[in-house]
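Enquirer: Got a file for you: work.tsv, TSV, C-alpha atoms.
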chain	number	residue	atom	x	y	z
J	1	MET	CA	71.05	126.01	74.00
J	2	THR	CA	73.62	128.48	72.71
J	3	HIS	CA	77.01	126.93	72.04
J	4	GLY	CA	80.05	129.02	72.88
J	5	ARG	CA	78.77	130.32	76.25
J	6	ILE	CA	77.72	128.57	79.41
J	7	GLN	CA	76.34	129.75	82.74
J	8	LEU	CA	78.25	128.13	85.60
J	9	PRO	CA	77.46	128.37	89.33
J	10	GLY	CA	80.31	129.54	91.52
J	11	ALA	CA	81.09	128.70	95.13
J	12	ASP	CA	79.09	131.78	96.12
J	13	GLY	CA	75.98	130.34	94.43
J	14	ARG	CA	75.94	132.98	91.70
J	15	LEU	CA	75.92	132.22	87.99
J	16	ARG	CA	78.68	133.54	85.76
J	17	THR	CA	79.31	133.25	82.05
J	18	TYR	CA	82.13	131.01	80.81
J	19	THR	CA	83.29	130.68	77.20
J	20	PRO	CA	84.46	127.09	76.49
J	21	ARG	CA	87.64	126.31	74.64
J	22	ALA	CA	87.15	125.64	70.93
J	23	GLU	CA	89.90	123.06	70.35
J	24	PRO	CA	91.45	120.29	72.45
J	25	LEU	CA	95.13	120.17	73.30
J	26	PRO	CA	96.92	118.15	70.58
J	27	VAL	CA	98.40	114.92	71.96
J	28	THR	CA	99.96	111.82	70.50
J	29	THR	CA	99.94	108.11	71.23
J	30	GLY	CA	103.10	106.10	71.40
J	31	ALA	CA	105.38	103.53	73.00
J	32	PRO	CA	106.07	103.22	76.73
J	33	PHE	CA	108.27	105.82	78.34
J	34	VAL	CA	112.01	105.69	78.95
J	35	ALA	CA	112.78	108.15	81.75
J	36	ARG	CA	109.97	107.22	84.13
J	37	THR	CA	107.58	104.37	84.84
J	38	VAL	CA	104.10	105.87	84.97
J	39	PHE	CA	100.87	104.27	86.14
J	40	SER	CA	97.39	105.76	86.03
J	41	ALA	CA	95.11	104.51	88.79
J	42	ALA	CA	92.00	103.93	86.68
J	43	HIS	CA	88.33	104.31	87.64
J	44	VAL	CA	85.57	101.80	86.99
J	45	VAL	CA	82.49	102.57	84.89
J	46	ALA	CA	79.22	101.69	86.60
J	47	ASP	CA	76.32	100.02	84.80
J	48	PRO	CA	73.70	102.81	84.83
J	49	TYR	CA	70.82	100.44	84.05
J	50	ALA	CA	71.42	98.00	86.90
J	51	ASP	CA	68.71	97.90	89.56
J	52	VAL	CA	71.01	98.31	92.56
J	53	SER	CA	71.17	100.35	95.75
J	54	PRO	CA	74.22	102.03	97.32
J	55	ASP	CA	74.59	99.00	99.60
J	56	SER	CA	74.37	96.43	96.79
J	57	PRO	CA	77.39	94.77	95.18
J	58	ALA	CA	78.79	96.96	92.43
J	59	ALA	CA	77.29	96.66	88.94
J	60	VAL	CA	80.13	97.38	86.50
J	61	ASP	CA	79.93	98.12	82.79
J	62	TRP	CA	82.81	95.86	81.82
J	63	ASP	CA	83.00	96.91	78.18
J	64	ALA	CA	83.31	100.60	79.01
J	65	THR	CA	85.68	99.90	81.92
J	66	LEU	CA	88.07	97.90	79.75
J	67	ALA	CA	87.79	100.41	76.90
J	68	PHE	CA	89.03	103.12	79.24
J	69	ARG	CA	92.05	100.99	80.12
J	70	ARG	CA	92.82	100.53	76.43
J	71	HIS	CA	92.67	104.32	76.11
J	72	LEU	CA	95.34	104.69	78.81
J	73	TRP	CA	97.55	101.95	77.34
J	74	SER	CA	97.31	103.54	73.89
J	75	HIS	CA	99.10	106.60	75.28
J	76	GLY	CA	101.88	104.50	76.85
J	77	LEU	CA	100.61	104.71	80.43
J	78	GLY	CA	100.51	101.72	82.73
J	79	VAL	CA	97.28	100.87	84.57
J	80	ALA	CA	97.22	100.55	88.35
J	81	GLU	CA	94.16	98.36	88.76
J	82	ALA	CA	91.69	97.90	91.61
J	83	MET	CA	93.12	100.79	93.63
J	84	ASP	CA	91.18	103.41	95.56
J	85	THR	CA	90.46	105.30	92.30
J	86	ALA	CA	88.39	102.27	91.27
J	87	GLN	CA	86.33	102.85	94.45
J	88	ARG	CA	88.02	99.95	96.20
J	89	GLY	CA	86.41	99.88	99.64
J	90	MET	CA	83.98	102.64	98.57
J	91	GLY	CA	81.44	100.66	96.56
J	92	LEU	CA	83.66	98.02	94.95
J	93	ASP	CA	83.96	94.97	97.21
J	94	TRP	CA	86.53	92.18	96.96
J	95	ALA	CA	84.37	90.06	94.65
J	96	GLY	CA	84.06	92.97	92.24
J	97	ALA	CA	87.74	93.85	92.57
J	98	ALA	CA	88.74	90.23	91.89
J	99	GLU	CA	86.70	90.18	88.68
J	100	LEU	CA	88.19	93.54	87.68
J	101	ILE	CA	91.71	92.19	88.22
J	102	ARG	CA	91.02	89.07	86.16
J	103	ARG	CA	89.46	90.98	83.26
J	104	SER	CA	91.99	93.82	83.17
J	105	SER	CA	94.96	91.49	83.47
J	106	ALA	CA	93.69	89.45	80.51
J	107	GLU	CA	93.10	92.65	78.53
J	108	ALA	CA	96.61	93.87	79.35
J	109	LYS	CA	98.08	90.64	77.99
J	110	SER	CA	96.07	90.97	74.78
J	111	VAL	CA	97.33	94.50	74.04
J	112	GLY	CA	100.75	94.38	75.69
J	113	GLY	CA	99.80	96.91	78.35
J	114	LEU	CA	101.64	97.49	81.62
J	115	ILE	CA	99.51	96.61	84.65
J	116	ALA	CA	99.84	96.30	88.41
J	117	CYS	CA	96.97	95.33	90.71
J	118	GLY	CA	96.02	96.17	94.27
J	119	VAL	CA	96.26	93.52	96.99
J	120	GLY	CA	94.36	94.23	100.19
J	121	THR	CA	92.20	92.66	102.87
J	122	ASP	CA	88.73	93.90	102.01
J	123	GLN	CA	87.23	90.41	102.40
J	124	LEU	CA	87.32	91.30	106.11
J	125	ALA	CA	84.35	93.51	106.94
J	126	GLY	CA	84.43	95.75	109.96
J	127	THR	CA	81.57	96.42	112.35
J	128	GLU	CA	80.68	99.37	114.54
J	129	ALA	CA	82.67	97.66	117.27
J	130	GLY	CA	85.72	97.26	115.04
J	131	TYR	CA	87.26	94.26	113.29
J	132	PRO	CA	86.56	90.90	114.97
J	133	TYR	CA	89.75	89.41	113.54
J	134	GLY	CA	93.36	88.88	114.44
J	135	LEU	CA	96.64	89.08	112.57
J	136	ASP	CA	96.25	85.54	111.23
J	137	GLU	CA	93.02	86.44	109.46
J	138	VAL	CA	94.54	89.66	108.07
J	139	ARG	CA	97.54	87.77	106.76
J	140	ALA	CA	95.32	85.10	105.17
J	141	ALA	CA	93.19	87.75	103.45
J	142	TYR	CA	96.31	89.37	101.99
J	143	GLU	CA	97.57	85.94	100.87
J	144	GLU	CA	94.32	85.17	99.02
J	145	GLN	CA	94.48	88.42	97.08
J	146	LEU	CA	98.21	88.16	96.39
J	147	ALA	CA	97.69	84.68	94.95
J	148	LEU	CA	94.96	85.91	92.60
J	149	VAL	CA	97.05	88.83	91.31
J	150	GLU	CA	100.07	86.61	90.76
J	151	GLU	CA	97.95	83.98	88.98
J	152	SER	CA	96.63	86.74	86.70
J	153	GLY	CA	100.19	87.53	85.62
J	154	SER	CA	100.12	91.08	86.99
J	155	GLN	CA	102.46	92.85	89.36
J	156	ALA	CA	101.17	93.14	92.92
J	157	ILE	CA	100.69	96.38	94.84
J	158	LEU	CA	100.44	95.66	98.58
J	159	MET	CA	97.82	98.19	99.67
J	160	ALA	CA	97.31	99.54	103.15
J	161	SER	CA	94.76	97.49	105.11
J	162	ARG	CA	91.94	98.92	107.22
J	163	ALA	CA	91.78	95.62	109.07
J	164	LEU	CA	95.49	95.67	109.89
J	165	ALA	CA	95.25	99.29	111.03
J	166	ALA	CA	92.43	98.25	113.39
J	167	VAL	CA	93.96	95.10	114.90
J	168	ALA	CA	97.70	95.86	114.94
J	169	LYS	CA	99.02	96.62	118.43
J	170	GLY	CA	102.18	98.37	117.26
J	171	PRO	CA	104.99	98.49	114.68
J	172	GLU	CA	106.01	94.89	115.36
J	173	ASP	CA	102.68	93.65	113.95
J	174	TYR	CA	103.27	95.51	110.68
J	175	LEU	CA	106.79	94.12	110.47
J	176	GLU	CA	105.48	90.59	111.01
J	177	VAL	CA	102.60	90.74	108.49
J	178	TYR	CA	104.51	92.53	105.72
J	179	GLY	CA	107.61	90.42	106.28
J	180	HIS	CA	105.55	87.26	105.86
J	181	LEU	CA	103.93	88.53	102.65
J	182	LEU	CA	107.17	89.74	101.11
J	183	ARG	CA	108.95	86.47	101.80
J	184	GLN	CA	106.30	84.53	99.91
J	185	ALA	CA	105.77	87.00	97.03
J	186	ALA	CA	106.86	85.42	93.75
J	187	GLU	CA	107.98	88.73	92.21
J	188	PRO	CA	108.93	92.17	93.56
J	189	VAL	CA	105.89	94.17	94.68
J	190	VAL	CA	105.01	97.81	95.19
J	191	LEU	CA	104.36	98.82	98.80
J	192	HIS	CA	101.56	101.37	99.08
J	193	TRP	CA	101.35	103.86	101.96
J	194	LEU	CA	97.97	105.59	101.70
J	195	GLY	CA	97.43	108.46	104.10
J	196	PRO	CA	94.31	109.09	106.21
J	197	MET	CA	93.31	112.03	104.00
J	198	PHE	CA	92.40	109.38	101.41
J	199	ASP	CA	90.98	106.92	103.94
J	200	PRO	CA	90.40	108.01	107.56
J	201	ALA	CA	90.42	104.36	108.66
J	202	LEU	CA	94.17	104.27	107.94
J	203	GLU	CA	95.08	106.77	110.65
J	204	GLY	CA	98.17	105.57	112.52
J	205	TYR	CA	99.35	103.17	109.83
J	206	TRP	CA	102.73	101.49	110.44
J	207	GLY	CA	101.95	101.59	114.14
J	208	SER	CA	102.06	105.30	114.96
J	209	THR	CA	100.28	108.60	114.34
J	210	ASP	CA	103.75	110.21	114.46
J	211	LEU	CA	104.78	110.27	110.80
J	212	ASP	CA	108.47	110.17	111.62
J	213	ALA	CA	108.00	107.00	113.69
J	214	ALA	CA	105.74	105.49	111.01
J	215	THR	CA	108.35	106.28	108.36
J	216	SER	CA	111.01	104.48	110.40
J	217	THR	CA	108.88	101.32	110.50
J	218	PHE	CA	108.12	101.60	106.79
J	219	LEU	CA	111.85	101.88	106.01
J	220	GLU	CA	112.59	98.94	108.31
J	221	VAL	CA	110.24	96.74	106.27
J	222	ILE	CA	111.93	97.85	103.05
J	223	ALA	CA	115.48	97.40	104.37
J	224	ALA	CA	114.69	93.83	105.43
J	225	HIS	CA	113.36	92.80	101.99
J	226	PRO	CA	114.88	95.04	99.27
J	227	ASP	CA	114.95	92.18	96.74
J	228	LYS	CA	111.17	91.71	97.05
J	229	ILE	CA	110.24	95.38	96.66
J	230	ASP	CA	110.13	96.97	93.21
J	231	GLY	CA	109.14	100.26	94.73
J	232	ILE	CA	107.00	102.19	97.16
J	233	LYS	CA	103.95	104.31	96.43
J	234	VAL	CA	103.55	107.22	98.81
J	235	SER	CA	100.23	109.09	99.09
J	236	LEU	CA	100.70	111.54	101.96
J	237	LEU	CA	100.42	114.84	99.99
J	238	ASP	CA	103.71	115.98	101.54
J	239	ALA	CA	106.41	116.61	98.93
J	240	ARG	CA	109.24	117.19	101.40
J	241	ARG	CA	108.53	113.95	103.26
J	242	GLU	CA	108.44	112.00	99.99
J	243	ILE	CA	111.77	113.47	98.88
J	244	ASP	CA	113.38	112.64	102.23
J	245	LEU	CA	111.96	109.12	102.06
J	246	ARG	CA	113.10	108.36	98.53
J	247	ARG	CA	116.65	109.45	99.40
J	248	LYS	CA	116.71	106.75	102.09
J	249	LEU	CA	115.58	103.89	99.86
J	250	PRO	CA	117.98	101.03	99.11
J	251	ASP	CA	119.50	100.94	95.65
J	252	GLY	CA	117.06	99.45	93.15
J	253	VAL	CA	113.90	100.34	95.10
J	254	ARG	CA	111.88	102.97	93.26
J	255	CYS	CA	109.65	105.69	94.62
J	256	TYR	CA	106.28	106.04	92.84
J	257	THR	CA	104.70	109.33	93.76
J	258	GLY	CA	101.07	109.24	94.75
J	259	ASP	CA	101.09	112.95	95.61
J	260	ASP	CA	98.28	114.50	93.58
J	261	PHE	CA	99.27	117.98	94.83
J	262	ASN	CA	102.98	118.08	93.97
J	263	TYR	CA	103.54	115.51	91.22
J	264	PRO	CA	105.30	117.70	88.59
J	265	GLU	CA	108.23	118.60	90.85
J	266	LEU	CA	108.46	115.08	92.28
J	267	ILE	CA	108.52	113.38	88.87
J	268	ALA	CA	110.97	115.96	87.48
J	269	GLY	CA	113.24	115.29	90.45
J	270	ASP	CA	116.45	116.97	91.56
J	271	ASP	CA	120.17	116.26	91.50
J	272	GLN	CA	119.68	113.46	94.04
J	273	GLY	CA	116.88	111.55	92.35
J	274	PHE	CA	113.27	111.55	91.19
J	275	SER	CA	109.95	109.81	91.62
J	276	HIS	CA	108.16	107.58	89.14
J	277	ALA	CA	104.37	107.93	89.21
J	278	LEU	CA	101.26	106.04	90.27
J	279	LEU	CA	98.55	108.65	90.35
J	280	GLY	CA	94.78	108.97	90.39
J	281	ILE	CA	94.99	112.33	88.64
J	282	PHE	CA	96.58	110.60	85.64
J	283	ASP	CA	93.15	109.08	84.96
J	284	PRO	CA	91.69	112.37	83.61
J	285	LEU	CA	95.11	113.73	82.62
J	286	GLY	CA	96.19	110.57	80.76
J	287	PRO	CA	97.00	111.90	77.26
J	288	LEU	CA	98.41	115.21	78.52
J	289	ALA	CA	100.49	113.47	81.21
J	290	ALA	CA	101.84	111.05	78.61
J	291	GLU	CA	102.80	113.95	76.34
J	292	ALA	CA	104.65	115.60	79.23
J	293	VAL	CA	106.61	112.43	80.09
J	294	ARG	CA	107.61	112.01	76.44
J	295	VAL	CA	109.04	115.51	76.57
J	296	LEU	CA	110.91	114.52	79.74
J	297	ASP	CA	112.28	111.49	77.86
J	298	THR	CA	114.14	113.95	75.63
J	299	GLY	CA	115.78	115.54	78.66
J	300	ASP	CA	113.65	118.68	78.45
J	301	VAL	CA	112.69	119.20	82.10
J	302	ARG	CA	111.48	122.74	81.47
J	303	GLY	CA	109.16	121.56	78.68
J	304	PHE	CA	107.86	118.79	80.93
J	305	ARG	CA	107.05	121.27	83.68
J	306	SER	CA	105.45	123.73	81.25
J	307	LEU	CA	102.96	121.02	80.25
J	308	LEU	CA	102.28	119.50	83.66
J	309	ASP	CA	102.49	122.45	86.07
J	310	PRO	CA	99.26	124.06	84.77
J	311	THR	CA	97.35	120.85	85.63
J	312	VAL	CA	98.03	121.13	89.37
J	313	GLU	CA	95.18	123.58	89.96
J	314	LEU	CA	92.70	121.05	88.57
J	315	SER	CA	94.23	118.23	90.59
J	316	ARG	CA	94.15	120.18	93.84
J	317	HIS	CA	90.54	121.05	93.12
J	318	LEU	CA	89.52	117.44	92.53
J	319	PHE	CA	91.42	116.24	95.60
J	320	GLN	CA	90.24	118.95	97.99
J	321	THR	CA	88.85	117.79	101.31
J	322	PRO	CA	87.14	115.40	101.82
J	323	THR	CA	89.93	114.02	99.61
J	324	ARG	CA	88.44	110.52	99.37
J	325	PHE	CA	85.64	111.91	97.16
J	326	TYR	CA	88.07	112.89	94.39
J	327	LYS	CA	86.72	109.91	92.46
J	328	THR	CA	83.51	111.83	91.72
J	329	GLY	CA	85.41	114.47	89.79
J	330	VAL	CA	87.47	111.84	87.98
J	331	VAL	CA	84.35	110.03	86.71
J	332	PHE	CA	82.63	113.32	85.92
J	333	LEU	CA	85.50	114.35	83.65
J	334	ALA	CA	85.53	110.92	81.98
J	335	TRP	CA	81.86	111.44	81.11
J	336	LEU	CA	82.47	114.94	79.73
J	337	ALA	CA	85.42	113.62	77.71
J	338	GLY	CA	83.25	110.95	76.09
J	339	HIS	CA	84.88	107.93	77.69
J	340	GLN	CA	81.51	106.83	79.07
J	341	SER	CA	77.93	107.59	78.17
J	342	HIS	CA	76.69	108.64	81.63
J	343	PHE	CA	77.65	110.23	84.92
J	344	THR	CA	76.73	107.38	87.24
J	345	MET	CA	79.03	105.86	89.84
J	346	VAL	CA	79.22	102.69	91.88
J	347	GLY	CA	77.45	103.30	95.17
J	348	GLY	CA	75.78	106.46	93.90
J	349	LEU	CA	78.90	108.53	94.59
J	350	GLN	CA	78.13	110.90	91.71
J	351	SER	CA	76.30	112.86	94.44
J	352	ALA	CA	79.44	113.21	96.61
J	353	ARG	CA	80.45	116.60	95.16
J	354	SER	CA	78.42	119.77	94.76
J	355	LEU	CA	77.35	121.36	91.49
J	356	PRO	CA	79.71	124.34	91.97
J	357	HIS	CA	82.58	121.88	92.53
J	358	LEU	CA	81.77	120.04	89.31
J	359	ALA	CA	81.33	123.29	87.40
J	360	ARG	CA	84.78	124.44	88.45
J	361	ALA	CA	86.25	121.06	87.47
J	362	TYR	CA	84.69	121.43	84.00
J	363	GLU	CA	86.09	124.94	83.61
J	364	LEU	CA	89.62	123.94	84.67
J	365	ALA	CA	89.67	120.79	82.53
J	366	ASP	CA	88.33	122.66	79.50
J	367	GLY	CA	90.94	125.37	79.97
J	368	LEU	CA	93.65	122.69	79.80
J	369	GLY	CA	92.21	121.28	76.59
J	370	LEU	CA	91.50	117.88	78.15
J	371	PHE	CA	88.27	117.23	76.25
J	372	PRO	CA	88.76	115.56	72.84
J	373	ASP	CA	85.42	117.04	71.75
J	374	PRO	CA	84.86	120.37	73.55
J	375	ALA	CA	81.37	120.75	72.04
J	376	LEU	CA	80.32	117.37	73.48
J	377	ALA	CA	81.67	118.35	76.90
J	378	GLU	CA	79.80	121.66	76.74
J	379	THR	CA	76.55	119.95	75.78
J	380	ARG	CA	76.86	117.40	78.58
J	381	MET	CA	77.71	120.10	81.11
J	382	LYS	CA	74.61	122.04	80.06
J	383	ASN	CA	72.49	118.90	80.36
J	384	LEU	CA	73.72	118.40	83.91
J	385	LEU	CA	73.11	122.02	84.78
J	386	SER	CA	69.53	121.75	83.47
J	387	LEU	CA	68.85	118.93	85.94
J	388	TYR	CA	69.73	121.38	88.72
J	389	GLY	CA	67.42	124.03	87.26
J	390	VAL	CA	70.09	126.13	85.56
J	391	ASN	CA	68.68	127.20	82.21
J	392	GLN	CA	71.05	128.29	79.45
I'd like the structure from this file rewritten - as structure tokens, please.

Expert:
Amino acid sequence: MTHGRIQLPGADGRLRTYTPRAEPLPVTTGAPFVARTVFSAAHVVADPYADVSPDSPAAVDWDATLAFRRHLWSHGLGVAEAMDTAQRGMGLDWAGAAELIRRSSAEAKSVGGLIACGVGTDQLAGTEAGYPYGLDEVRAAYEEQLALVEESGSQAILMASRALAAVAKGPEDYLEVYGHLLRQAAEPVVLHWLGPMFDPALEGYWGSTDLDAATSTFLEVIAAHPDKIDGIKVSLLDARREIDLRRKLPDGVRCYTGDDFNYPELIAGDDQGFSHALLGIFDPLGPLAAEAVRVLDTGDVRGFRSLLDPTVELSRHLFQTPTRFYKTGVVFLAWLAGHQSHFTMVGGLQSARSLPHLARAYELADGLGLFPDPALAETRMKNLLSLYGVNQ
């Protein structure tokens, strides 16, 4: 292998020469931020030596998984645990998610890290005919998970439920289920609205496929329980809708952007407000994102945008349709960056993106200086290419 040049396949199937970056972007570690609350939705590291199939319960490398969370905390980021970035509902079942919540919550306490954990209903398995459950079972599943997160000492994120989307007859069912959960929550929670581009089973959430009608129901839930809602996390990839929504929130209820296409402008905000962040893209961008928010803490919006705007091309690439497979690129970049020793995913999802897609992700990430050791990333990229028959 010749270091300093690499042959990468493009979308047209042709090889082209790329010259990797020589030095990483300099970043610092530090205390939590002042101007914004920022969570990274963190991925899980699979155990590459486990004898499992895609349909088996997830085999997680707990040491590497927790080490990655310590990496995020060291830069001042919070960890959003057991979210869709952790392959929740795409390889990680409730038993695995529960163990992840317990372990990460304990680790957060030991290092003083900020953590919030996903609460869902994935104990309830669907069938080809749908979900053989009613609202009572959905509510009970939510309650079980909420109790575990609260017992762990972490903040709860009420995630969108595939089961609720399947069995709810209309907006009134969402109002009933969420109202019940919010009344019994011990501490303010984050409400998570995940769009169907991330999970097609969530089409029509809040009781309507009309986003304006769904937004009205969402706001009705919030208005009825403002003291039990720390904030909302919106993942609809629609900046204008998020801005309109956050301007309608009651005082004291935050908006956490989940928009992996438009996050710099949403976090920077305008003269009427801003969004905090809870983002999957802040898994690979962790140190750089933290550096940008520290610049924002000084009041330098232009400096913040100059650091974060160039990352949008990479994020839009990773989150291109089918958006739900963005996790493959996230784990791929973690491997190239040296945060794990292999490119293996729960459920075998390392195969969910093409070689040209991964090659472009490498090029964009390297151009941003995301790899602490560019030579290691180059070597690992060449090793992957060799498996596909690309000789350097």

Enquirer: Residues of range 241-267 of chain J that approach range 206-224 of chain J to 12 Å or less, counting all atoms listed in the file: could you list each one with the shortest pair of atoms and its distance in Å to one decimal, rows by chain and increasing residue number, as a Markdown table?

Expert:
| residue | atom | partner | partner_atom | distance |
| --- | --- | --- | --- | --- |
| J:Arg241 | CA | J:Asp212 | CA | 9.2 |
| J:Glu242 | CA | J:Thr215 | CA | 10.1 |
| J:Asp244 | CA | J:Thr215 | CA | 10.2 |
| J:Leu245 | CA | J:Thr215 | CA | 7.8 |
| J:Arg246 | CA | J:Leu219 | CA | 10.0 |
| J:Arg247 | CA | J:Leu219 | CA | 11.1 |
| J:Lys248 | CA | J:Leu219 | CA | 7.9 |
| J:Leu249 | CA | J:Leu219 | CA | 7.5 |
| J:Pro250 | CA | J:Ala223 | CA | 6.9 |
| J:Asp251 | CA | J:Ala223 | CA | 10.2 |
| J:Gly252 | CA | J:Ile222 | CA | 11.3 |
| J:Val253 | CA | J:Ile222 | CA | 8.6 |
| J:Arg254 | CA | J:Ile222 | CA | 11.0 |
| J:Cys255 | CA | J:Ile222 | CA | 11.7 |

Enquirer: So that I can check the surroundings of Leu364 in chain J, please list as a list of chain:residue names every protein, DNA and RNA residue that reaches within 12 Å of it, counting only C-alpha atoms and ignoring chain neighbours fewer than 2 positions away.

Expert: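 Final neighbour list, sorted by chain and number: J:Tyr18, J:Thr19, J:Pro20, J:Arg21, J:Pro284, J:Leu285, J:Pro310, J:Thr311, J:Val312, J:Glu313, J:Leu314, J:Ser315, J:Arg316, J:His317, J:Leu318, J:Gly329, J:Leu333, J:His357, J:Leu358, J:Ala359, J:Arg360, J:Ala361, J:Tyr362, J:Asp366, J:Gly367, J:Leu368, J:Gly369, J:Leu370, J:Phe371.
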
Enquirer: With a cut-off of 10 Å, could you pull out the residues of range 24-116 of chain J touching range 123-126 of chain J and give me the nearest pair of atoms for each, distance in Å to one decimal, using only C-alpha atoms, ordered by chain and ascending number, as a Markdown table?

Expert:
| residue | atom | partner | partner_atom | distance |
| --- | --- | --- | --- | --- |
| J:Gly89 | CA | J:Gln123 | CA | 9.9 |
| J:Asp93 | CA | J:Gln123 | CA | 7.6 |
| J:Trp94 | CA | J:Gln123 | CA | 5.8 |
| J:Ala95 | CA | J:Gln123 | CA | 8.3 |

Enquirer: Using only C-alpha atoms, please write the residues we just selected to a file, as a PDB file, in the frame of the given file.

Expert:
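Okay, this is what ended up in result23.pdb:
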ATOM      1  CA  GLY J  89      86.410  99.880  99.640  1.00  0.00           C
ATOM      2  CA  ASP J  93      83.960  94.970  97.210  1.00  0.00           C
ATOM      3  CA  TRP J  94      86.530  92.180  96.960  1.00  0.00           C
ATOM      4  CA  ALA J  95      84.370  90.060  94.650  1.00  0.00           C
TER       5      ALA J  95
END

Enquirer: Ala165 in chain J: which residues within 8 Å, counting all atoms listed in the file, same-chain residues fewer than 2 positions away excluded, as a PyMOL selection string?

Expert: chain J and resi 161-163+167-168+201-207

Enquirer: First collect every listed atom of range 18-27 of chain J; then fit an axis-aligned box around them, widen it by 4 Å on each side, and give centre and edge lengths in Å to one decimal, as JSON.

Expert:
{"center_x": 90.3, "center_y": 123.0, "center_z": 75.6, "size_x": 24.3, "size_y": 24.1, "size_z": 18.5}

Enquirer: Up to 8 Å from (91.4, 100.6, 100.3) in the file's coordinates: name the residues, counting only C-alpha atoms, as number ranges by chain.

Expert: J: 83-84, 88-90, 120, 122, 159-162, 199

Enquirer: Near range 3-8 of chain J, within 12 Å and counting only C-alpha atoms, which residues show up once chain neighbours fewer than 2 positions away are dropped, as an MDAnalysis selection string?

Expert: chainID J and resid 1 10:23 355:363 374:386 388:392

Enquirer: Could you pull the residues within 12 Å of range 292-305 of chain J, counting only C-alpha atoms, minus those fewer than 5 positions along the same chain, as a compact mmCIF listing (two decimals) with C-alpha atoms, keeping the file's coordinate frame?

Expert:
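Result went into part05.txt, see below:
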# COMPACT_ATOMS: atom_id res chain seq x y z
CA PRO J 26 96.92 118.15 70.58
CA VAL J 27 98.40 114.92 71.96
CA THR J 28 99.96 111.82 70.50
CA THR J 29 99.94 108.11 71.23
CA GLY J 30 103.10 106.10 71.40
CA ALA J 31 105.38 103.53 73.00
CA PRO J 32 106.07 103.22 76.73
CA PHE J 33 108.27 105.82 78.34
CA VAL J 34 112.01 105.69 78.95
CA ALA J 35 112.78 108.15 81.75
CA ARG J 36 109.97 107.22 84.13
CA THR J 37 107.58 104.37 84.84
CA VAL J 38 104.10 105.87 84.97
CA PHE J 39 100.87 104.27 86.14
CA HIS J 75 99.10 106.60 75.28
CA GLY J 76 101.88 104.50 76.85
CA LEU J 77 100.61 104.71 80.43
CA ASN J 262 102.98 118.08 93.97
CA TYR J 263 103.54 115.51 91.22
CA PRO J 264 105.30 117.70 88.59
CA GLU J 265 108.23 118.60 90.85
CA LEU J 266 108.46 115.08 92.28
CA ILE J 267 108.52 113.38 88.87
CA ALA J 268 110.97 115.96 87.48
CA GLY J 269 113.24 115.29 90.45
CA ASP J 270 116.45 116.97 91.56
CA PHE J 274 113.27 111.55 91.19
CA HIS J 276 108.16 107.58 89.14
CA ALA J 277 104.37 107.93 89.21
CA PHE J 282 96.58 110.60 85.64
CA LEU J 285 95.11 113.73 82.62
CA GLY J 286 96.19 110.57 80.76
CA PRO J 287 97.00 111.90 77.26
CA PRO J 310 99.26 124.06 84.77
CA THR J 311 97.35 120.85 85.63
CA VAL J 312 98.03 121.13 89.37

Enquirer: What gap, in Å, lies between CA of Asp373 in chain J and CA of Gly338 in chain J?

Expert: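 Distance between the two atoms: 7.8 Å.
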